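Pasted below: protein02.pdb, PDB, C-alpha atoms and all ligand atoms.
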```pdb
ATOM      1  CA  MET A 206     -10.902  33.915  16.096
ATOM      2  CA  GLY A 207     -13.876  34.732  18.259
ATOM      3  CA  ILE A 208     -15.030  32.735  21.232
ATOM      4  CA  ALA A 209     -13.693  29.387  19.963
ATOM      5  CA  GLY A 210     -10.304  31.011  19.314
ATOM      6  CA  SER A 211     -10.104  32.401  22.807
ATOM      7  CA  VAL A 212     -11.039  28.986  24.287
ATOM      8  CA  TRP A 213      -8.218  27.483  22.163
ATOM      9  CA  VAL A 214      -5.777  29.996  23.651
ATOM     10  CA  SER A 215      -6.973  29.772  27.266
ATOM     11  CA  GLY A 216      -7.550  26.015  27.216
ATOM     12  CA  ARG A 217     -10.621  26.531  29.449
ATOM     13  CA  ALA A 218     -14.205  25.497  28.666
ATOM     14  CA  GLU A 219     -16.792  28.285  28.689
ATOM     15  CA  ILE A 220     -20.506  28.991  28.568
ATOM     16  CA  VAL A 221     -21.666  32.059  26.684
ATOM     17  CA  ASN A 222     -25.416  32.369  27.081
ATOM     18  CA  ASP A 223     -25.707  35.641  25.171
ATOM     19  CA  VAL A 224     -23.360  35.364  22.232
ATOM     20  CA  HIS A 225     -24.274  38.673  20.617
ATOM     21  CA  SER A 226     -23.323  40.776  23.611
ATOM     22  CA  ASP A 227     -19.965  39.029  23.987
ATOM     23  CA  SER A 228     -17.057  41.256  22.926
ATOM     24  CA  ARG A 229     -15.428  38.332  21.120
ATOM     25  CA  PHE A 230     -18.475  37.791  18.903
ATOM     26  CA  VAL A 231     -17.643  37.506  15.186
ATOM     27  CA  ASN A 232     -19.992  37.233  12.223
ATOM     28  CA  GLY A 233     -19.306  33.518  11.778
ATOM     29  CA  THR A 234     -21.473  32.898  14.832
ATOM     30  CA  VAL A 235     -24.525  34.547  13.238
ATOM     31  CA  GLY A 236     -27.711  32.650  14.033
ATOM     32  CA  ILE A 237     -26.386  31.297  17.321
ATOM     33  CA  SER A 238     -27.691  32.768  20.532
ATOM     34  CA  SER A 239     -26.108  30.584  23.200
ATOM     35  CA  LEU A 240     -23.129  28.308  23.172
ATOM     36  CA  MET A 241     -20.763  26.111  25.093
ATOM     37  CA  CYS A 242     -17.197  25.805  23.988
ATOM     38  CA  ALA A 243     -14.583  23.322  25.240
ATOM     39  CA  PRO A 244     -10.967  22.696  24.286
ATOM     40  CA  LEU A 245      -9.985  19.277  22.902
ATOM     41  CA  LYS A 246      -6.916  18.508  24.967
ATOM     42  CA  ALA A 247      -4.621  15.604  24.126
ATOM     43  CA  LYS A 248      -2.209  15.340  27.039
ATOM     44  CA  ASP A 249      -1.457  19.033  27.604
ATOM     45  CA  THR A 250      -1.818  20.212  24.029
ATOM     46  CA  VAL A 251      -5.008  21.726  22.645
ATOM     47  CA  VAL A 252      -5.668  19.961  19.320
ATOM     48  CA  GLY A 253      -8.995  21.620  18.628
ATOM     49  CA  VAL A 254     -12.087  23.250  20.062
ATOM     50  CA  ILE A 255     -15.592  21.860  20.112
ATOM     51  CA  LYS A 256     -18.518  24.242  20.079
ATOM     52  CA  LEU A 257     -22.165  23.494  20.775
ATOM     53  CA  GLY A 258     -24.558  26.283  19.863
ATOM     54  CA  ASN A 259     -28.293  26.864  19.942
ATOM     55  CA  ASP A 260     -30.100  29.367  17.748
ATOM     56  CA  LEU A 261     -32.648  29.865  20.504
ATOM     57  CA  PRO A 262     -31.619  31.695  23.649
ATOM     58  CA  VAL A 263     -31.098  28.942  26.230
ATOM     59  CA  MET A 264     -29.346  28.973  29.562
ATOM     60  CA  TYR A 265     -26.585  26.389  29.612
ATOM     61  CA  THR A 266     -25.670  25.389  33.164
ATOM     62  CA  ALA A 267     -22.447  24.404  34.881
ATOM     63  CA  GLU A 268     -23.787  20.847  34.874
ATOM     64  CA  ASP A 269     -24.197  20.983  31.048
ATOM     65  CA  LEU A 270     -20.664  22.270  30.709
ATOM     66  CA  LYS A 271     -19.319  19.442  32.885
ATOM     67  CA  LEU A 272     -20.959  16.823  30.655
ATOM     68  CA  PHE A 273     -19.840  18.650  27.513
ATOM     69  CA  THR A 274     -16.234  18.828  28.784
ATOM     70  CA  THR A 275     -16.266  15.083  29.465
ATOM     71  CA  LEU A 276     -17.397  14.416  25.898
ATOM     72  CA  ALA A 277     -14.708  16.792  24.651
ATOM     73  CA  SER A 278     -11.972  14.911  26.486
ATOM     74  CA  LEU A 279     -13.200  11.577  25.074
ATOM     75  CA  ALA A 280     -13.152  13.079  21.577
ATOM     76  CA  ALA A 281      -9.640  14.456  22.145
ATOM     77  CA  VAL A 282      -8.344  11.027  23.194
ATOM     78  CA  ALA A 283      -9.950   9.449  20.088
ATOM     79  CA  ILE A 284      -8.363  12.090  17.825
ATOM     80  CA  GLU A 285      -4.981  11.574  19.484
ATOM     81  CA  ASN A 286      -5.236   7.780  19.101
ATOM     82  CA  ALA A 287      -6.200   8.052  15.446
ATOM     83  CA  SER A 288      -3.251  10.318  14.800
ATOM     84  CA  LEU A 289      -0.818   7.978  16.608
ATOM     85  CA  TYR A 290      -2.227   5.037  14.647
ATOM     86  CA  GLU A 291      -1.710   6.924  11.387
ATOM     87  CA  GLN A 292       1.882   7.724  12.322
ATOM     88  CA  LEU A 293       2.487   4.089  13.202
ATOM     89  CA  GLN A 294       1.052   2.917   9.869
ATOM     90  CA  GLU A 295       3.209   5.406   8.015
ATOM     91  CA  THR A 296       6.347   4.227   9.825
ATOM     92  CA  PHE A 297       5.407   0.636   9.012
ATOM     93  CA  TYR A 298       4.933   1.256   5.276
ATOM     94  CA  THR A 299       8.087   3.381   5.046
ATOM     95  CA  THR A 300      10.057   0.565   6.693
ATOM     96  CA  VAL A 301       8.609  -2.021   4.295
ATOM     97  CA  TYR A 302       9.472   0.107   1.223
ATOM     98  CA  THR A 303      12.967   0.739   2.542
ATOM     99  CA  LEU A 304      13.424  -2.978   3.039
ATOM    100  CA  ALA A 305      12.331  -3.588  -0.555
ATOM    101  CA  GLU A 306      14.655  -0.885  -1.843
ATOM    102  CA  THR A 307      17.698  -2.630  -0.397
ATOM    103  CA  ILE A 308      17.340  -5.289  -3.086
ATOM    104  CA  GLU A 309      16.857  -2.726  -5.872
ATOM    105  CA  LYS A 310      20.062  -1.020  -4.776
ATOM    106  CA  ARG A 311      21.950  -4.230  -5.549
ATOM    107  CA  ASP A 312      20.378  -4.891  -8.898
ATOM    108  CA  THR A 313      19.983  -1.364 -10.203
ATOM    109  CA  TYR A 314      19.166  -2.409 -13.776
ATOM    110  CA  THR A 315      15.677  -3.292 -12.613
ATOM    111  CA  GLY A 316      15.098   0.407 -11.653
ATOM    112  CA  ASN A 317      11.670   0.816 -10.045
ATOM    113  CA  HIS A 318      10.636  -2.767 -10.830
ATOM    114  CA  THR A 319       9.150  -3.137  -7.335
ATOM    115  CA  LYS A 320       7.030  -0.027  -7.710
ATOM    116  CA  ARG A 321       5.675  -1.094 -11.093
ATOM    117  CA  VAL A 322       4.908  -4.627  -9.887
ATOM    118  CA  MET A 323       2.982  -3.059  -7.010
ATOM    119  CA  GLU A 324       1.041  -0.756  -9.353
ATOM    120  CA  TYR A 325       0.178  -3.516 -11.836
ATOM    121  CA  SER A 326      -0.806  -5.853  -8.986
ATOM    122  CA  LEU A 327      -3.076  -3.285  -7.361
ATOM    123  CA  ALA A 328      -4.676  -2.479 -10.724
ATOM    124  CA  ILE A 329      -5.469  -6.189 -11.203
ATOM    125  CA  GLY A 330      -6.757  -6.468  -7.616
ATOM    126  CA  LYS A 331      -9.016  -3.476  -8.205
ATOM    127  CA  THR A 332     -10.458  -5.001 -11.384
ATOM    128  CA  LEU A 333     -11.129  -8.240  -9.506
ATOM    129  CA  GLU A 334     -12.753  -6.192  -6.720
ATOM    130  CA  LEU A 335     -10.678  -7.895  -4.046
ATOM    131  CA  PRO A 336     -11.722  -7.116  -0.485
ATOM    132  CA  GLU A 337      -9.705  -4.422   1.289
ATOM    133  CA  LYS A 338      -7.923  -7.000   3.435
ATOM    134  CA  ASP A 339      -6.630  -8.846   0.352
ATOM    135  CA  MET A 340      -5.639  -5.567  -1.317
ATOM    136  CA  ALA A 341      -3.504  -4.696   1.720
ATOM    137  CA  ARG A 342      -1.652  -8.010   1.711
ATOM    138  CA  LEU A 343      -1.380  -7.886  -2.090
ATOM    139  CA  GLN A 344       0.362  -4.532  -1.798
ATOM    140  CA  LEU A 345       2.796  -5.783   0.843
ATOM    141  CA  GLY A 346       3.455  -9.013  -1.069
ATOM    142  CA  ALA A 347       4.081  -7.123  -4.317
ATOM    143  CA  VAL A 348       6.491  -4.712  -2.646
ATOM    144  CA  LEU A 349       8.393  -7.518  -0.923
ATOM    145  CA  HIS A 350       8.125 -10.255  -3.577
ATOM    146  CA  ASP A 351      11.843 -10.387  -4.370
ATOM    147  CA  ILE A 352      13.204  -9.448  -0.950
ATOM    148  CA  GLY A 353      14.728 -12.947  -0.689
ATOM    149  CA  LYS A 354      17.139 -12.073  -3.515
ATOM    150  CA  ILE A 355      19.184 -10.450  -0.785
ATOM    151  CA  GLY A 356      20.278 -13.987   0.091
ATOM    152  CA  VAL A 357      21.526 -14.743  -3.454
ATOM    153  CA  ARG A 358      25.220 -14.105  -4.146
ATOM    154  CA  ASP A 359      26.152 -11.184  -6.436
ATOM    155  CA  SER A 360      28.021 -13.496  -8.802
ATOM    156  CA  VAL A 361      24.705 -15.237  -9.508
ATOM    157  CA  LEU A 362      22.194 -12.411  -9.050
ATOM    158  CA  LEU A 363      24.093  -9.956 -11.243
ATOM    159  CA  LYS A 364      25.445 -12.431 -13.787
ATOM    160  CA  GLU A 365      24.976 -11.077 -17.299
ATOM    161  CA  SER A 366      25.353 -14.325 -19.211
ATOM    162  CA  SER A 367      23.013 -17.293 -18.914
ATOM    163  CA  LEU A 368      22.910 -19.191 -15.645
ATOM    164  CA  THR A 369      24.154 -22.738 -15.107
ATOM    165  CA  ASP A 370      21.664 -25.239 -13.654
ATOM    166  CA  GLU A 371      23.338 -24.931 -10.282
ATOM    167  CA  GLU A 372      23.132 -21.119 -10.367
ATOM    168  CA  PHE A 373      19.484 -21.277 -11.371
ATOM    169  CA  GLU A 374      18.844 -23.532  -8.361
ATOM    170  CA  GLN A 375      20.310 -20.781  -6.185
ATOM    171  CA  ILE A 376      18.049 -18.137  -7.735
ATOM    172  CA  LYS A 377      15.097 -20.435  -7.156
ATOM    173  CA  ASN A 378      15.698 -20.206  -3.415
ATOM    174  CA  HIS A 379      14.763 -16.526  -3.272
ATOM    175  CA  PRO A 380      11.037 -17.033  -2.527
ATOM    176  CA  LEU A 381      11.982 -19.232   0.429
ATOM    177  CA  TYR A 382      14.568 -16.745   1.674
ATOM    178  CA  GLY A 383      11.891 -14.066   1.342
ATOM    179  CA  GLU A 384       9.526 -16.040   3.517
ATOM    180  CA  GLU A 385      12.267 -16.532   6.125
ATOM    181  CA  ILE A 386      12.996 -12.812   6.200
ATOM    182  CA  ILE A 387       9.418 -11.636   6.732
ATOM    183  CA  ARG A 388       7.869 -14.412   8.787
ATOM    184  CA  GLY A 389       9.286 -12.985  12.033
ATOM    185  CA  ILE A 390       7.310  -9.759  11.571
ATOM    186  CA  SER A 391       3.697 -10.314  12.581
ATOM    187  CA  GLN A 392       2.293  -7.454  10.432
ATOM    188  CA  LEU A 393       3.909  -9.025   7.346
ATOM    189  CA  LYS A 394       2.615 -12.567   7.846
ATOM    190  CA  SER A 395      -0.286 -11.972   5.475
ATOM    191  CA  ALA A 396       2.195 -11.124   2.698
ATOM    192  CA  ILE A 397       3.970 -14.496   2.937
ATOM    193  CA  PRO A 398       1.885 -16.336   0.272
ATOM    194  CA  GLY A 399       2.572 -13.572  -2.258
ATOM    195  CA  VAL A 400       6.285 -13.609  -1.544
ATOM    196  CA  LYS A 401       6.717 -17.357  -1.282
ATOM    197  CA  HIS A 402       4.589 -18.360  -4.259
ATOM    198  CA  HIS A 403       5.055 -15.668  -6.906
ATOM    199  CA  HIS A 404       7.011 -18.147  -9.089
ATOM    200  CA  GLU A 405       4.429 -20.942  -8.910
ATOM    201  CA  LYS A 406       2.758 -21.669 -12.231
ATOM    202  CA  PHE A 407      -0.960 -22.229 -12.755
ATOM    203  CA  SER A 408      -0.076 -25.598 -14.362
ATOM    204  CA  GLY A 409       1.745 -26.747 -11.218
ATOM    205  CA  ARG A 410       5.187 -26.604 -12.843
ATOM    206  CA  GLY A 411       6.555 -23.635 -10.903
ATOM    207  CA  TYR A 412       8.586 -23.352  -7.708
ATOM    208  CA  PRO A 413       9.177 -23.701  -4.774
ATOM    209  CA  ASP A 414       6.221 -26.005  -4.031
ATOM    210  CA  GLY A 415       4.779 -26.871  -7.447
ATOM    211  CA  LEU A 416       1.333 -25.645  -6.339
ATOM    212  CA  LYS A 417      -1.381 -25.753  -8.966
ATOM    213  CA  GLY A 418      -4.391 -23.593  -9.936
ATOM    214  CA  GLU A 419      -6.258 -22.156  -6.993
ATOM    215  CA  GLU A 420      -3.926 -23.873  -4.528
ATOM    216  CA  ILE A 421      -1.769 -20.850  -5.267
ATOM    217  CA  ASP A 422      -2.849 -17.877  -3.191
ATOM    218  CA  ILE A 423      -4.669 -15.193  -5.201
ATOM    219  CA  THR A 424      -2.051 -12.557  -4.300
ATOM    220  CA  ALA A 425       0.733 -14.798  -5.648
ATOM    221  CA  ARG A 426      -1.179 -15.459  -8.889
ATOM    222  CA  ILE A 427      -1.582 -11.701  -9.363
ATOM    223  CA  ILE A 428       2.040 -10.844  -8.512
ATOM    224  CA  SER A 429       3.183 -13.533 -10.954
ATOM    225  CA  VAL A 430       1.437 -11.815 -13.888
ATOM    226  CA  ALA A 431       2.563  -8.330 -12.801
ATOM    227  CA  ASP A 432       6.156  -9.433 -12.195
ATOM    228  CA  SER A 433       6.480 -11.392 -15.445
ATOM    229  CA  PHE A 434       4.964  -8.616 -17.511
ATOM    230  CA  ASP A 435       7.367  -6.065 -16.068
ATOM    231  CA  ALA A 436      10.363  -8.370 -16.462
ATOM    232  CA  MET A 437       9.432  -8.941 -20.130
ATOM    233  CA  THR A 438       9.112  -5.249 -20.917
ATOM    234  CA  THR A 439      12.250  -4.085 -19.085
ATOM    235  CA  ASN A 440      15.600  -3.728 -20.828
ATOM    236  CA  ARG A 441      18.460  -5.669 -19.280
ATOM    237  CA  PRO A 442      22.140  -5.125 -20.086
ATOM    238  CA  TYR A 443      22.197  -8.396 -22.046
ATOM    239  CA  ARG A 444      18.842  -8.155 -23.818
ATOM    240  CA  LYS A 445      16.322  -5.609 -24.949
ATOM    241  CA  GLY A 446      12.870  -5.741 -23.385
ATOM    242  CA  LEU A 447       9.893  -6.878 -25.467
ATOM    243  CA  SER A 448       7.563  -4.308 -26.981
ATOM    244  CA  LEU A 449       4.184  -3.885 -25.287
ATOM    245  CA  ASP A 450       2.430  -5.874 -28.006
ATOM    246  CA  GLU A 451       4.947  -8.717 -27.800
ATOM    247  CA  ALA A 452       4.563  -8.838 -24.007
ATOM    248  CA  PHE A 453       0.749  -8.859 -24.277
ATOM    249  CA  GLU A 454       1.089 -11.733 -26.721
ATOM    250  CA  GLU A 455       3.276 -13.665 -24.250
ATOM    251  CA  LEU A 456       0.728 -13.182 -21.474
ATOM    252  CA  ARG A 457      -2.014 -14.529 -23.760
ATOM    253  CA  LYS A 458       0.155 -17.403 -24.895
ATOM    254  CA  TYR A 459       0.908 -18.578 -21.367
ATOM    255  CA  SER A 460      -2.547 -17.820 -19.961
ATOM    256  CA  GLY A 461      -3.799 -21.110 -18.518
ATOM    257  CA  SER A 462      -0.329 -22.697 -18.251
ATOM    258  CA  GLN A 463       1.994 -20.272 -16.490
ATOM    259  CA  PHE A 464      -0.682 -17.749 -15.538
ATOM    260  CA  ASP A 465      -4.196 -17.921 -14.136
ATOM    261  CA  PRO A 466      -6.393 -16.958 -17.146
ATOM    262  CA  GLU A 467      -8.750 -14.954 -14.942
ATOM    263  CA  ILE A 468      -5.841 -12.843 -13.702
ATOM    264  CA  VAL A 469      -4.543 -12.285 -17.242
ATOM    265  CA  ASP A 470      -8.040 -11.163 -18.281
ATOM    266  CA  ALA A 471      -8.212  -8.860 -15.262
ATOM    267  CA  PHE A 472      -4.851  -7.365 -16.226
ATOM    268  CA  PHE A 473      -6.123  -6.619 -19.733
ATOM    269  CA  ALA A 474      -9.296  -5.111 -18.272
ATOM    270  CA  SER A 475      -7.454  -3.000 -15.683
ATOM    271  CA  ASP A 476      -6.695   0.730 -15.535
ATOM    272  CA  VAL A 477      -3.111  -0.066 -16.511
ATOM    273  CA  MET A 478      -4.206  -0.802 -20.083
ATOM    274  CA  GLU A 479      -6.006   2.480 -20.350
ATOM    275  CA  ALA A 480      -2.841   4.228 -19.229
ATOM    276  CA  PHE A 481      -0.724   2.283 -21.750
ATOM    277  CA  PHE A 482      -2.956   3.223 -24.620
ATOM    278  CA  SER A 483      -3.623   6.831 -23.728
ATOM    279  CA  ALA A 484      -1.121   8.519 -26.050
ATOM    280  CA  ASN A 485       2.390   7.654 -25.170
ATOM    281  CA  SER A 486       1.833   7.462 -21.449
ATOM    282  CA  ARG A 487       4.037   4.432 -20.935
ATOM    283  CA  GLN A 488       6.666   6.719 -19.455
ATOM    284  CA  LYS A 489       4.236   7.688 -16.733
ATOM    285  CA  ILE A 490       3.620   4.097 -15.769
ATOM    286  CA  LEU A 491       7.273   3.172 -15.926
ATOM    287  CA  LEU A 492       8.264   6.272 -13.963
TER     288      LEU A 492
HETATM  289 FE    FE A 501      11.024 -13.373  -7.943
END
```

Could you quickly redo this structure as structure tokens?
Ligand SMILES: [Fe+2]
Amino acid sequence: MGIAGSVWVSGRAEIVNDVHSDSRFVNGTVGISSLMCAPLKAKDTVVGVIKLGNDLPVMYTAEDLKLFTTLASLAAVAIENASLYEQLQETFYTTVYTLAETIEKRDTYTGNHTKRVMEYSLAIGKTLELPEKDMARLQLGAVLHDIGKIGVRDSVLLKESSLTDEEFEQIKNHPLYGEEIIRGISQLKSAIPGVKHHHEKFSGRGYPDGLKGEEIDITARIISVADSFDAMTTNRPYRKGLSLDEAFEELRKYSGSQFDPEIVDAFFASDVMEAFFSANSRQKILL
């Protein structure tokens, strides 16, 4: 519409020193006497129009327009770059989620486990007020925590009866397989501690490295609580999941031995709890 609209269509910058006598004048320009208008061109496409107006009658010159057009092209390049960056980020996250889904497709009983572990983890991270950088790697680590299960044979991964010691040893390799899978992707490097150490225990009796206390990366300590809680409350073909209260009790019981007590406290103080206790909303969380 109006002068800006016609600059969008023509793709040419313009000076209009007497706006009110211009035939394209529309009411939206009320209060403006003079203006310069330039298209924001990214490559050959107009992505917007920038308008500079003055409510006093001034005479913009060709020199002003030249400067204004230069600023407009810088702005257009910045807008284009931001949009490309956004698209790249979106492709990256979609690829990561798809990668994580490949494991859920094999072990369908866990239905949406990855998504819930991510939501619980982020809720804990938010309560702990983790910096943005840690929240980003927490999210990636939570999504990819079990990606290494892709390297565990079906006969072991999907076994419905209890595992032999040898089979359990095979399962215990999945954090290491996970690390191997993602370490070649530079944008995923920050997620490695979460993936590799989500089965470490605060007491030092976990695997694969037997790390203890704060030797275990914060993202791994968080994912451990989120993952265990979800595993406890999910039905499996061979056993029924615990009730919420029973699972809360387990978290309290193992706080300080299996789990970092600060993380357990943060879980209980997080938004997730509010959602659990707001009338029957567990379905919403479990999706
Ligand atoms: Fe795991």

Any chance you could resolve the PyMOL selection byres (((not hetatm)) within 8 of (chain A and resi 501)) against this file and give the residues as a PyMOL selection string?
-> chain A and resi 350-351+354+379-380+400+403-404+432

Can you list, as a count of residues only, every protein, DNA or RNA residue that comes within 8 Å of Pro398 of chain A when you count only C-alpha atoms, leaving out same-chain residues fewer than 3 positions away?
-> 8

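Here the question is which of A:Ile352, A:Leu304, A:Val361, A:Leu449 gets nearest to Gly383 of chain A using all atoms listed in the file, and that residue is A:Ile352.
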
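Counting only C-alpha atoms and comparing A:Pro413, A:Gly316, A:Gly399, A:Gly258, the residue that lies closest to Arg441 of chain A is A:Gly316.
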
I would like the residues chosen by the PyMOL selection byres (((chain A and resi 285) around 12) and not hetatm) on the shown file; could you give them as number ranges by chain?
-> A: 245-253, 278-284, 286-292

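Taking only C-alpha atoms into account, Asp450 of chain A lies nearest to A:Met478 out of the set A:Met478, A:Ile329, A:Ala471, A:Ile423.
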